[in-house]
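Visitor: My file is structure30.pdb. It has PDB, C-alpha atoms:
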```
ATOM      1  CA  MET A  11       0.000   0.000   0.000
ATOM      2  CA  THR A  12       1.176   3.495  -0.740
ATOM      3  CA  HIS A  13      -0.134   6.418   1.282
ATOM      4  CA  ASP A  14      -3.915   6.172   1.388
ATOM      5  CA  ARG A  15      -4.254   3.741  -1.499
ATOM      6  CA  GLU A  16      -4.574   0.013  -1.927
ATOM      7  CA  VAL A  17      -2.414  -1.143  -4.849
ATOM      8  CA  LEU A  18      -3.448  -4.242  -6.781
ATOM      9  CA  THR A  19      -0.684  -5.530  -9.043
ATOM     10  CA  TRP A  20      -1.239  -7.850 -11.999
ATOM     11  CA  ASP A  21       0.290 -10.734 -10.011
ATOM     12  CA  LEU A  22      -1.889 -10.063  -7.000
ATOM     13  CA  PHE A  23      -4.934  -9.745  -9.277
ATOM     14  CA  GLY A  24      -4.191 -13.268 -10.553
ATOM     15  CA  THR A  25      -4.243 -14.550  -6.989
ATOM     16  CA  ALA A  26      -7.334 -12.514  -6.060
ATOM     17  CA  SER A  27      -9.416 -13.624  -9.039
ATOM     18  CA  ARG A  28      -8.501 -17.277  -8.567
ATOM     19  CA  GLU A  29      -9.274 -17.178  -4.833
ATOM     20  CA  LEU A  30     -12.574 -15.386  -5.479
ATOM     21  CA  ALA A  31     -13.538 -18.001  -8.084
ATOM     22  CA  GLN A  32     -12.683 -20.769  -5.608
ATOM     23  CA  THR A  33     -14.916 -19.124  -2.975
ATOM     24  CA  ILE A  34     -17.801 -18.945  -5.464
ATOM     25  CA  HIS A  35     -17.297 -22.582  -6.461
ATOM     26  CA  ASP A  36     -17.012 -23.750  -2.847
ATOM     27  CA  SER A  37     -20.310 -22.006  -1.988
ATOM     28  CA  GLY A  38     -22.123 -24.345  -4.366
ATOM     29  CA  TYR A  39     -23.557 -21.463  -6.413
ATOM     30  CA  ARG A  40     -23.746 -22.417 -10.089
ATOM     31  CA  PRO A  41     -24.953 -19.369 -12.011
ATOM     32  CA  ASP A  42     -26.411 -19.723 -15.491
ATOM     33  CA  LEU A  43     -24.594 -16.602 -16.609
ATOM     34  CA  ILE A  44     -22.226 -13.856 -15.556
ATOM     35  CA  ILE A  45     -22.963 -10.168 -15.995
ATOM     36  CA  SER A  46     -19.762  -8.178 -16.161
ATOM     37  CA  ILE A  47     -20.023  -4.497 -15.283
ATOM     38  CA  ALA A  48     -17.894  -2.555 -17.765
ATOM     39  CA  ARG A  49     -15.366  -1.318 -17.641
ATOM     40  CA  GLY A  50     -13.904  -2.202 -14.247
ATOM     41  CA  GLY A  51     -15.549  -5.608 -14.058
ATOM     42  CA  LEU A  52     -14.459  -6.807 -17.501
ATOM     43  CA  ILE A  53     -11.089  -8.216 -16.480
ATOM     44  CA  PRO A  54     -12.262  -9.773 -13.182
ATOM     45  CA  ALA A  55     -15.274 -11.331 -14.975
ATOM     46  CA  GLY A  56     -13.039 -12.771 -17.682
ATOM     47  CA  ALA A  57     -10.651 -14.316 -15.162
ATOM     48  CA  ILE A  58     -13.437 -15.691 -12.975
ATOM     49  CA  SER A  59     -15.407 -17.057 -15.939
ATOM     50  CA  TYR A  60     -12.325 -18.986 -17.101
ATOM     51  CA  ALA A  61     -11.667 -20.306 -13.583
ATOM     52  CA  LEU A  62     -15.290 -21.479 -13.269
ATOM     53  CA  GLY A  63     -15.441 -22.840 -16.833
ATOM     54  CA  MET A  64     -18.321 -20.499 -17.744
ATOM     55  CA  LYS A  65     -18.713 -19.172 -21.267
ATOM     56  CA  ASN A  66     -22.066 -17.394 -20.893
ATOM     57  CA  VAL A  67     -20.872 -13.856 -20.076
ATOM     58  CA  HIS A  68     -22.914 -10.700 -20.723
ATOM     59  CA  VAL A  69     -21.658  -7.116 -20.409
ATOM     60  CA  LEU A  70     -23.481  -4.085 -19.039
ATOM     61  CA  ASN A  71     -21.711  -0.777 -19.540
ATOM     62  CA  VAL A  72     -22.318   1.506 -16.566
ATOM     63  CA  GLU A  73     -20.718   4.917 -16.146
ATOM     64  CA  PHE A  74     -20.320   6.332 -12.644
ATOM     65  CA  TYR A  75     -16.716   7.281 -11.875
ATOM     66  CA  THR A  76     -15.150  10.203 -13.710
ATOM     67  CA  GLY A  77     -11.872  10.385 -11.730
ATOM     68  CA  VAL A  78     -10.265   9.533  -8.397
ATOM     69  CA  ASP A  79     -13.191   9.564  -5.959
ATOM     70  CA  GLU A  80     -15.157  11.693  -8.453
ATOM     71  CA  ARG A  81     -18.448  10.383  -9.756
ATOM     72  CA  LEU A  82     -21.614  11.335 -11.532
ATOM     73  CA  PRO A  83     -24.660  12.039  -9.309
ATOM     74  CA  MET A  84     -26.046   8.593 -10.248
ATOM     75  CA  PRO A  85     -24.711   5.645 -12.250
ATOM     76  CA  VAL A  86     -25.925   5.558 -15.847
ATOM     77  CA  MET A  87     -26.401   2.442 -17.989
ATOM     78  CA  LEU A  88     -24.962   3.006 -21.474
ATOM     79  CA  PRO A  89     -26.145   1.293 -24.677
ATOM     80  CA  PRO A  90     -26.382  -1.347 -25.863
ATOM     81  CA  VAL A  91     -28.533  -2.591 -22.995
ATOM     82  CA  PRO A  92     -29.495  -6.285 -23.125
ATOM     83  CA  GLN A  93     -33.183  -7.118 -23.291
ATOM     84  CA  PRO A  94     -34.398  -8.441 -19.931
ATOM     85  CA  VAL A  95     -36.033 -11.372 -21.757
ATOM     86  CA  ASP A  96     -32.498 -12.650 -22.438
ATOM     87  CA  LEU A  97     -32.088 -13.108 -18.686
ATOM     88  CA  SER A  98     -35.470 -14.724 -18.024
ATOM     89  CA  GLY A  99     -35.400 -17.207 -15.137
ATOM     90  CA  ALA A 100     -31.599 -17.300 -14.968
ATOM     91  CA  THR A 101     -29.347 -17.418 -11.944
ATOM     92  CA  VAL A 102     -26.905 -14.554 -12.411
ATOM     93  CA  LEU A 103     -23.505 -13.704 -10.991
ATOM     94  CA  ILE A 104     -22.783  -9.961 -11.277
ATOM     95  CA  ILE A 105     -19.063  -9.164 -11.277
ATOM     96  CA  ASP A 106     -17.346  -5.818 -10.792
ATOM     97  CA  ASP A 107     -13.931  -4.730  -9.586
ATOM     98  CA  VAL A 108     -15.130  -2.856  -6.496
ATOM     99  CA  ALA A 109     -18.260  -2.172  -4.482
ATOM    100  CA  ASP A 110     -17.421   1.373  -3.411
ATOM    101  CA  THR A 111     -20.715   3.207  -2.900
ATOM    102  CA  GLY A 112     -22.534   0.179  -4.319
ATOM    103  CA  GLY A 113     -24.500   2.411  -6.698
ATOM    104  CA  THR A 114     -23.412   0.590  -9.840
ATOM    105  CA  LEU A 115     -24.151  -2.862  -8.434
ATOM    106  CA  ASP A 116     -27.497  -1.627  -7.118
ATOM    107  CA  LEU A 117     -28.439  -0.324 -10.584
ATOM    108  CA  VAL A 118     -27.579  -3.679 -12.206
ATOM    109  CA  ARG A 119     -29.415  -5.681  -9.524
ATOM    110  CA  LYS A 120     -32.526  -3.535 -10.014
ATOM    111  CA  PHE A 121     -32.235  -4.010 -13.798
ATOM    112  CA  CYS A 122     -32.308  -7.785 -13.214
ATOM    113  CA  GLU A 123     -35.171  -7.744 -10.652
ATOM    114  CA  GLY A 124     -38.311  -9.464 -11.821
ATOM    115  CA  HIS A 125     -36.504 -11.096 -14.731
ATOM    116  CA  VAL A 126     -34.056 -13.499 -13.139
ATOM    117  CA  LYS A 127     -34.399 -16.272 -10.596
ATOM    118  CA  GLU A 128     -31.499 -15.067  -8.424
ATOM    119  CA  THR A 129     -28.596 -12.623  -8.448
ATOM    120  CA  ARG A 130     -25.418 -12.729  -6.439
ATOM    121  CA  SER A 131     -22.494 -10.341  -6.659
ATOM    122  CA  ALA A 132     -18.731 -10.836  -6.637
ATOM    123  CA  VAL A 133     -16.085  -8.131  -6.337
ATOM    124  CA  ILE A 134     -12.365  -7.976  -5.749
ATOM    125  CA  TYR A 135     -12.848  -5.197  -3.177
ATOM    126  CA  GLU A 136     -15.762  -4.035  -1.061
ATOM    127  CA  LYS A 137     -15.963  -0.880   1.046
ATOM    128  CA  SER A 138     -18.067  -0.704   4.205
ATOM    129  CA  ARG A 139     -20.097   2.227   2.837
ATOM    130  CA  SER A 140     -21.409   0.141  -0.074
ATOM    131  CA  VAL A 141     -25.205  -0.041  -0.159
ATOM    132  CA  VAL A 142     -24.851  -3.498  -1.722
ATOM    133  CA  LYS A 143     -23.249  -6.172   0.430
ATOM    134  CA  CYS A 144     -21.762  -8.672  -1.986
ATOM    135  CA  GLU A 145     -21.963 -12.407  -1.424
ATOM    136  CA  TYR A 146     -18.396 -12.880  -2.669
ATOM    137  CA  VAL A 147     -15.581 -10.493  -1.724
ATOM    138  CA  TRP A 148     -11.845 -11.043  -1.963
ATOM    139  CA  LYS A 149     -10.852  -8.149   0.318
ATOM    140  CA  ARG A 150     -12.477  -5.323   2.240
ATOM    141  CA  THR A 151     -10.803  -1.907   2.326
ATOM    142  CA  ALA A 152     -11.557   1.723   3.108
ATOM    143  CA  GLN A 153      -8.867   3.009   0.756
ATOM    144  CA  TRP A 154      -8.908   4.141  -2.859
ATOM    145  CA  ILE A 155      -7.732   1.251  -5.045
ATOM    146  CA  ASP A 156      -5.187   1.445  -7.837
ATOM    147  CA  PHE A 157      -6.115  -1.343 -10.263
ATOM    148  CA  PRO A 158      -3.424  -2.427 -12.737
ATOM    149  CA  TRP A 159      -5.749  -1.837 -15.715
ATOM    150  CA  SER A 160      -6.659   1.729 -14.783
ATOM    151  CA  SER A 161      -3.745   3.177 -12.818
ATOM    152  CA  GLN A 162      -1.720   4.225 -15.883
ATOM    153  CA  PRO A 163      -2.649   7.281 -17.967
ATOM    154  CA  GLU A 164      -4.442   6.731 -21.268
ATOM    155  CA  ILE A 165      -2.232   6.389 -24.333
ATOM    156  CA  SER A 166      -2.321   9.516 -26.423
TER     157      SER A 166
END
```
Turn this file's structure into structure tokens for me.
Guide:
Amino acid sequence: MTHDREVLTWDLFGTASRELAQTIHDSGYRPDLIISIARGGLIPAGAISYALGMKNVHVLNVEFYTGVDERLPMPVMLPPVPQPVDLSGATVLIIDDVADTGGTLDLVRKFCEGHVKETRSAVIYEKSRSVVKCEYVWKRTAQWIDFPWSSQPEIS
């Protein structure tokens, strides 16, 4: 950790995603599909889907964060948005990188309500202030997290 930040390296991410997948497997939960929350949840969902041998992965693109601890007033789902009928009766595992405020996960859970049999959530990190308490969490922290896929500046 540096200063007031949690630093996740690529190597540690490999460990975290594998351990999180093992926890999901050991719980006996066998989801029909994974919903990855883009962009932060794309890489964790890919790693976990491989570890669990799941190929049915959907992506929901949700915008909330605009910078370090800066966010929009509310999370916004961006197109294309899947049709809820595609999720009908399914058991769903929602994956994101972090449950910070929980607003993004809450939006996706509400999107699924009434269409799916069950949702559970998995994150690498969860903060105590999150309005959504995830069923599967690798680590809890109060710090800002530097993820290896988003800690470098964009290429220009």
Visitor: Enumerate, as a list in words, the residues matched when the PyMOL selection byres ((chain A and resi 115) around 10) is run on the file above.
Guide: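 Written out, the selection comes to Ile47, Val72, Pro85, Ile104, Ile105, Asp106, Val108, Ala109, Asp110, Thr111, Gly112, Gly113, Thr114, Asp116, Leu117, Val118, Arg119, Lys120, Phe121, Ser131, Ala132, Val133, Ser140, Val141, Val142, Lys143 and Cys144 of chain A.
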Visitor: If we count only C-alpha atoms, what is near A:Asn66 at a cut-off of 9 Å, once residues fewer than 2 positions away on the same chain are taken out, given as a ChimeraX atom specification?
Guide: /A:42-45,59,64,68
Visitor: Figure out the distance between atom CA of A:Thr33 and atom CA of A:His125, please, to one decimal in Å.
Guide: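 A separation of 25.9 Å between them.
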Visitor: Neighbouring residues of A:Ile53 were defined as those with any atom within 12 Å, considering all atoms listed in the file; residues of the same chain fewer than 3 positions away were excluded. Please report them as a VMD selection string.
Guide: chain A and resid 20 23 to 24 26 to 27 46 to 50 56 to 60 67 69 105 to 107 133 to 134 157 to 160
Visitor: Using only C-alpha atoms, find the one residue out of A:Arg15, A:Glu128, A:Ser166, A:Arg28 that sits nearest to A:Leu103.
Guide: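 Once distances to A:Leu103 are computed over only C-alpha atoms, the minimum belongs to A:Glu128.
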Visitor: Would you compute the distance between atom CA of A:Leu97 and atom CA of A:Tyr39? Give it in Å to one decimal.
Guide: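 Pair atom CA of A:Leu97 / atom CA of A:Tyr39 returns 17.1 Å.
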Visitor: From the options A:Lys149, A:Met87, A:Ser138, A:Thr19, which residue's atoms come nearest to A:Gln162, counting all atoms listed in the file?
Guide: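 Distance minimum relative to A:Gln162 lands on A:Thr19.
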Visitor: With 5 Å of padding per side, what axis-aligned box (centre and edge lengths, Å, one decimal) covers all the listed atoms of stretch 25-34 of chain A? Give it as lines of an AutoDock Vina configuration file.
Guide:
```
center_x = -11.0
center_y = -16.6
center_z = -6.0
size_x = 23.6
size_y = 18.3
size_z = 16.1
```
Visitor: Restricting the calculation to all atoms listed in the file: of A:Trp148, A:Glu73, A:Gly124, A:Gly51, which residue gets closest to A:Thr25?
Guide: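 The shortest atom-to-atom distance to A:Thr25 comes from A:Trp148.
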